[in-house]
>>> print(open('start_39.txt').read())   # compact mmCIF, C-alpha atoms
# COMPACT_ATOMS: atom_id res chain seq x y z
CA MET A 1 134.36 127.48 184.97
CA SER A 2 134.15 126.04 181.47
CA ASP A 3 136.51 127.17 178.76
CA GLY A 4 133.96 126.28 176.07
CA SER A 5 135.80 123.09 175.17
CA GLY A 6 133.00 120.78 176.25
CA THR A 7 134.28 120.30 179.78
CA GLY A 8 133.23 122.04 182.95
CA PRO A 9 129.85 123.24 184.21
CA ALA A 10 128.50 124.27 180.79
CA GLY A 11 129.26 120.84 179.32
CA GLY A 12 129.78 122.11 175.77
CA ALA A 13 126.50 124.04 175.64
CA PHE A 14 128.27 126.99 174.03
CA ASP A 15 130.63 125.18 171.66
CA ASP A 16 128.65 126.31 168.59
CA VAL A 17 128.81 130.02 169.39
CA ILE A 18 132.44 129.90 170.55
CA ALA A 19 133.38 128.18 167.29
CA ALA A 20 131.37 130.69 165.24
CA ASN A 21 133.36 133.47 166.86
CA ASP A 22 136.46 132.30 164.97
CA ASP A 23 134.74 133.21 161.69
CA TYR A 24 133.55 136.52 163.10
CA ALA A 25 137.01 137.43 164.43
CA ALA A 26 138.56 136.67 161.03
CA ARG A 27 136.36 139.30 159.36
CA HIS A 28 136.01 141.70 162.33
CA SER A 29 136.09 145.30 161.12
CA LEU A 30 135.03 147.34 164.14
CA ALA A 31 138.46 147.86 165.69
CA GLY A 32 138.93 151.50 166.57
CA LEU A 33 135.21 152.29 166.56
CA LYS A 34 134.55 155.01 169.14
CA PRO A 35 132.29 154.04 172.07
CA VAL A 36 129.86 156.91 171.47
CA ALA A 37 126.57 156.90 169.58
CA ALA A 38 127.69 158.43 166.28
CA ARG A 39 124.10 159.35 165.35
CA GLY A 40 123.21 160.41 168.90
CA LEU A 41 120.49 157.76 169.27
CA ALA A 42 119.58 155.49 172.15
CA LEU A 43 117.09 152.78 171.24
CA VAL A 44 115.10 150.98 173.93
CA THR A 45 113.64 147.82 172.44
CA CYS A 46 112.72 144.26 173.30
CA MET A 47 115.07 141.30 173.56
CA ASP A 48 112.93 139.42 171.01
CA SER A 49 115.17 137.76 168.42
CA ARG A 50 112.85 138.86 165.59
CA ILE A 51 114.13 142.41 166.06
CA GLU A 52 117.26 143.53 164.21
CA PRO A 53 117.70 147.02 165.68
CA LEU A 54 120.41 148.36 163.38
CA ASP A 55 119.02 147.08 160.09
CA MET A 56 115.42 148.07 160.76
CA LEU A 57 116.39 151.71 161.36
CA GLY A 58 119.07 152.06 158.68
CA LEU A 59 121.87 152.16 161.24
CA LYS A 60 125.31 150.62 161.37
CA PRO A 61 127.52 149.57 164.28
CA GLY A 62 128.51 152.59 166.32
CA ASP A 63 125.48 154.70 165.35
CA ALA A 64 123.34 154.03 168.43
CA LYS A 65 123.25 152.65 171.94
CA ILE A 66 120.86 149.70 172.02
CA LEU A 67 119.11 148.87 175.31
CA ARG A 68 117.15 145.61 175.23
CA ASN A 69 114.92 143.93 177.78
CA ALA A 70 111.74 141.90 177.94
CA GLY A 71 108.93 144.10 176.63
CA ALA A 72 111.08 147.16 175.80
CA ARG A 73 110.16 148.62 179.19
CA VAL A 74 111.77 151.68 180.73
CA THR A 75 112.87 150.22 184.04
CA ASP A 76 115.06 151.82 186.69
CA ASP A 77 118.05 150.09 185.10
CA THR A 78 117.08 151.46 181.68
CA LEU A 79 116.96 154.98 183.16
CA ARG A 80 120.37 154.46 184.81
CA THR A 81 121.79 153.38 181.47
CA LEU A 82 120.21 156.32 179.64
CA VAL A 83 121.76 158.78 182.11
CA LEU A 84 125.19 157.29 181.39
CA ALA A 85 124.51 157.23 177.65
CA VAL A 86 123.44 160.89 177.56
CA TYR A 87 126.32 162.26 179.60
CA LEU A 88 129.16 159.93 178.61
CA LEU A 89 128.30 158.23 175.31
CA GLY A 90 126.96 160.90 172.97
CA VAL A 91 123.23 160.14 173.17
CA GLU A 92 121.09 163.14 172.21
CA ARG A 93 117.73 161.46 171.54
CA VAL A 94 115.82 158.37 172.69
CA LEU A 95 113.45 156.09 170.78
CA VAL A 96 111.40 153.54 172.72
CA LEU A 97 110.32 150.75 170.40
CA PRO A 98 108.20 147.82 171.60
CA HIS A 99 106.82 145.38 169.02
CA THR A 100 103.70 143.54 167.94
CA ARG A 101 103.00 140.04 169.24
CA CYS A 102 105.17 140.63 172.32
CA LYS A 103 104.77 138.02 175.04
CA MET A 104 105.11 140.67 177.77
CA ALA A 105 102.15 142.57 176.29
CA SER A 106 99.98 139.49 175.83
CA VAL A 107 99.86 138.16 179.39
CA PRO A 108 97.32 139.60 181.83
CA SER A 109 99.76 140.39 184.65
CA ASP A 110 103.06 139.71 186.35
CA GLU A 111 101.09 137.43 188.67
CA ALA A 112 100.08 135.26 185.71
CA VAL A 113 103.72 134.94 184.62
CA HIS A 114 104.80 134.03 188.16
CA ASP A 115 102.02 131.42 188.35
CA THR A 116 102.94 129.88 184.98
CA ILE A 117 106.62 129.58 185.85
CA LEU A 118 105.82 128.11 189.25
CA GLU A 119 103.32 125.60 187.84
CA GLU A 120 105.41 124.54 184.84
CA TYR A 121 108.93 124.70 186.29
CA GLY A 122 108.55 124.74 190.07
CA VAL A 123 110.44 128.03 190.38
CA ASP A 124 109.02 130.86 192.50
CA THR A 125 109.87 134.11 190.69
CA ARG A 126 107.82 136.44 192.88
CA SER A 127 110.96 138.32 193.90
CA LEU A 128 111.15 139.68 190.32
CA GLU A 129 109.09 142.35 188.62
CA PHE A 130 108.48 141.53 184.95
CA HIS A 131 106.73 144.80 183.97
CA THR A 132 104.04 143.05 181.94
CA ASP A 133 101.24 145.24 180.62
CA ASN A 134 98.60 144.16 178.14
CA ASP A 135 97.90 147.83 177.35
CA GLN A 136 101.03 148.12 175.22
CA LEU A 137 100.36 151.67 174.00
CA GLY A 138 99.53 152.84 177.53
CA ALA A 139 102.72 151.25 178.82
CA LEU A 140 104.71 152.91 176.03
CA ARG A 141 103.28 156.35 176.82
CA HIS A 142 104.00 155.79 180.53
CA ASP A 143 107.58 154.82 179.75
CA LEU A 144 108.09 157.87 177.52
CA GLU A 145 106.93 160.08 180.38
CA ARG A 146 109.36 158.35 182.78
CA ILE A 147 112.22 159.39 180.49
CA ARG A 148 110.90 162.89 179.83
CA HIS A 149 110.51 163.66 183.52
CA HIS A 150 113.55 161.92 184.94
CA PRO A 151 115.36 164.48 187.10
CA LEU A 152 118.83 163.45 185.89
CA LEU A 153 118.09 163.61 182.18
CA PRO A 154 118.27 166.97 180.38
CA ASP A 155 115.13 169.01 179.86
CA GLY A 156 114.16 168.97 176.22
CA LEU A 157 115.83 165.62 175.45
CA PRO A 158 114.00 164.41 172.33
CA VAL A 159 112.07 161.26 173.29
CA ALA A 160 109.74 159.35 170.96
CA GLY A 161 107.91 156.06 170.77
CA ALA A 162 106.90 153.72 167.99
CA VAL A 163 105.77 150.12 167.62
CA TYR A 164 107.68 147.68 165.40
CA ASP A 165 105.56 145.18 163.46
CA VAL A 166 107.39 141.84 163.52
CA ASP A 167 105.39 140.62 160.51
CA THR A 168 105.95 143.55 158.13
CA GLY A 169 109.17 145.12 159.45
CA ARG A 170 107.51 148.55 159.64
CA ILE A 171 107.50 150.91 162.57
CA SER A 172 104.47 153.03 163.45
CA PRO A 173 105.18 156.22 165.36
CA VAL A 174 103.04 156.53 168.49
CA ASP A 175 104.28 159.65 170.21
CA LEU A 176 106.62 161.85 168.18
>>> encode(input="start_39.txt", output="structure tokens")
Amino acid sequence: MSDGSGTGPAGGAFDDVIAANDDYAARHSLAGLKPVAARGLALVTCMDSRIEPLDMLGLKPGDAKILRNAGARVTDDTLRTLVLAVYLLGVERVLVLPHTRCKMASVPSDEAVHDTILEEYGVDTRSLEFHTDNDQLGALRHDLERIRHHPLLPDGLPVAGAVYDVDTGRISPVDL
């Protein structure tokens, strides 16, 4: 295992971020922050680096639980995490927030993604489910229903959806 010093399996690939952590640690101010969502919010959004979940919703560290994955999809793992967040981490409401120009909403199918990865990289990914859906609003509504009807989540849990525009920074409510 590499210690980040440029030796070992990673070969220095993380030296920049390990070094940057020194600056972060010097100004770190979150010590003592409670592990609950202070504003009772869980946000399910995409892993896309154009999304800054706290800033775009006027939140600060500690206000919300942020769940990120490719396409902002409500997967079984997302549901597992929401159950924990609701019962153990102070979550009282859930916002599902995919975004415009999302790669997972622009491909025709999981099959197309598998084919592309196999053709371009020689890796067979067919054991994975990517949850692609080019009907982004339909997928969002489906995901909202998965949360609303999950047997382990409380009846009446406020659940809403919106789409984040990566070009303007605005969110458009879809199902409030």
>>> residues_around(input="start_39.txt", residues="Arg146 (chain A)", least_positions_apart="3", cutoff="9 Å", atoms="all atoms listed in the file", output="PyMOL selection string")
chain A and resi 74-75+79+141-143+149-150
>>> closest_residue(input="start_39.txt", among="A:Val107, A:Ala72, A:Leu67, A:Leu95", to="Leu41 (chain A)", atoms="only C-alpha atoms")
A:Leu95
>>> residues_around(input="start_39.txt", residues="Phe130 (chain A)", least_positions_apart="2", cutoff="9 Å", atoms="all atoms listed in the file", output="ChimeraX atom specification")
/A:70-71,104,109-110,113-114,128,132
>>> write_last_selection(input="start_39.txt", atoms="C-alpha atoms", output="short mmCIF file (atom, residue, chain, number, x, y, z; two decimals), in the frame of the given file")
data_model
loop_
_atom_site.label_atom_id
_atom_site.label_comp_id
_atom_site.auth_asym_id
_atom_site.auth_seq_id
_atom_site.Cartn_x
_atom_site.Cartn_y
_atom_site.Cartn_z
CA ALA A 70 111.74 141.90 177.94
CA GLY A 71 108.93 144.10 176.63
CA MET A 104 105.11 140.67 177.77
CA SER A 109 99.76 140.39 184.65
CA ASP A 110 103.06 139.71 186.35
CA VAL A 113 103.72 134.94 184.62
CA HIS A 114 104.80 134.03 188.16
CA LEU A 128 111.15 139.68 190.32
CA THR A 132 104.04 143.05 181.94
#
>>> residues_near_point(input="start_39.txt", point="(117.9, 158.6, 180.8)", cutoff="7 Å", atoms="all atoms listed in the file", output="PyMOL selection string")
chain A and resi 79-83+86+147+150+153
>>> residues_around(input="start_39.txt", residues="Asp165 (chain A)", least_positions_apart="2", cutoff="12 Å", atoms="only C-alpha atoms", output="ChimeraX atom specification")
/A:50-52,56,97-102,162-163,167-173
>>> atom_distance(input="start_39.txt", atom1="CA of Ala160 (chain A)", atom2="CA of Val94 (chain A)")
6.4 Å
>>> residues_around(input="start_39.txt", residues="Val96 (chain A)", least_positions_apart="5", cutoff="6 Å", atoms="only C-alpha atoms", output="PyMOL selection string")
chain A and resi 43-44+161
>>> atom_distance(input="start_39.txt", atom1="CA of Ala112 (chain A)", atom2="CA of Arg73 (chain A)")
18.0 Å
>>> atom_distance(input="start_39.txt", atom1="CA of Asp16 (chain A)", atom2="CA of Pro61 (chain A)")
23.7 Å
>>> closest_residue(input="start_39.txt", among="A:Lys60, A:Asp115, A:Asp77, A:Val174", to="Leu30 (chain A)", atoms="all atoms listed in the file")
A:Lys60
>>> decode(input="start_39.txt", residues="region 130-174 of chain A", atoms="C-alpha atoms", output="PDB file, in the first residue's frame")
ATOM      1  CA  PHE A 130     -25.509   1.548 -14.634  1.00  0.00           C
ATOM      2  CA  HIS A 131     -29.156   2.711 -14.395  1.00  0.00           C
ATOM      3  CA  THR A 132     -28.974   4.786 -17.568  1.00  0.00           C
ATOM      4  CA  ASP A 133     -32.235   6.286 -18.783  1.00  0.00           C
ATOM      5  CA  ASN A 134     -32.573   8.833 -21.560  1.00  0.00           C
ATOM      6  CA  ASP A 135     -36.022   9.781 -20.206  1.00  0.00           C
ATOM      7  CA  GLN A 136     -34.525  11.787 -17.362  1.00  0.00           C
ATOM      8  CA  LEU A 137     -37.828  13.157 -16.044  1.00  0.00           C
ATOM      9  CA  GLY A 138     -39.435   9.710 -16.199  1.00  0.00           C
ATOM     10  CA  ALA A 139     -36.478   8.234 -14.335  1.00  0.00           C
ATOM     11  CA  LEU A 140     -36.703  10.999 -11.728  1.00  0.00           C
ATOM     12  CA  ARG A 141     -40.415  10.390 -11.152  1.00  0.00           C
ATOM     13  CA  HIS A 142     -39.756   6.634 -10.890  1.00  0.00           C
ATOM     14  CA  ASP A 143     -37.010   7.244  -8.335  1.00  0.00           C
ATOM     15  CA  LEU A 144     -39.224   9.548  -6.274  1.00  0.00           C
ATOM     16  CA  GLU A 145     -41.859   6.816  -6.135  1.00  0.00           C
ATOM     17  CA  ARG A 146     -39.236   4.270  -5.020  1.00  0.00           C
ATOM     18  CA  ILE A 147     -38.499   6.472  -1.999  1.00  0.00           C
ATOM     19  CA  ARG A 148     -42.138   7.314  -1.275  1.00  0.00           C
ATOM     20  CA  HIS A 149     -43.184   3.665  -1.261  1.00  0.00           C
ATOM     21  CA  HIS A 150     -40.181   2.064   0.384  1.00  0.00           C
ATOM     22  CA  PRO A 151     -41.521  -0.069   3.243  1.00  0.00           C
ATOM     23  CA  LEU A 152     -38.760   0.958   5.666  1.00  0.00           C
ATOM     24  CA  LEU A 153     -39.097   4.697   5.180  1.00  0.00           C
ATOM     25  CA  PRO A 154     -41.765   6.611   7.128  1.00  0.00           C
ATOM     26  CA  ASP A 155     -45.121   7.323   5.538  1.00  0.00           C
ATOM     27  CA  GLY A 156     -45.414  10.999   4.746  1.00  0.00           C
ATOM     28  CA  LEU A 157     -41.652  11.583   4.426  1.00  0.00           C
ATOM     29  CA  PRO A 158     -41.425  14.729   2.274  1.00  0.00           C
ATOM     30  CA  VAL A 159     -39.806  13.735  -1.039  1.00  0.00           C
ATOM     31  CA  ALA A 160     -39.283  16.090  -3.986  1.00  0.00           C
ATOM     32  CA  GLY A 161     -37.437  16.239  -7.266  1.00  0.00           C
ATOM     33  CA  ALA A 162     -35.836  18.967  -9.315  1.00  0.00           C
ATOM     34  CA  VAL A 163     -33.343  19.265 -12.158  1.00  0.00           C
ATOM     35  CA  TYR A 164     -30.162  21.312 -11.786  1.00  0.00           C
ATOM     36  CA  ASP A 165     -29.048  23.253 -14.868  1.00  0.00           C
ATOM     37  CA  VAL A 166     -25.249  23.002 -15.067  1.00  0.00           C
ATOM     38  CA  ASP A 167     -25.114  26.039 -17.357  1.00  0.00           C
ATOM     39  CA  THR A 168     -27.189  28.499 -15.306  1.00  0.00           C
ATOM     40  CA  GLY A 169     -26.899  27.106 -11.768  1.00  0.00           C
ATOM     41  CA  ARG A 170     -30.696  27.108 -11.378  1.00  0.00           C
ATOM     42  CA  ILE A 171     -32.855  24.261 -10.194  1.00  0.00           C
ATOM     43  CA  SER A 172     -36.290  23.582 -11.673  1.00  0.00           C
ATOM     44  CA  PRO A 173     -38.734  21.753  -9.423  1.00  0.00           C
ATOM     45  CA  VAL A 174     -40.268  18.729 -11.124  1.00  0.00           C
TER      46      VAL A 174
END
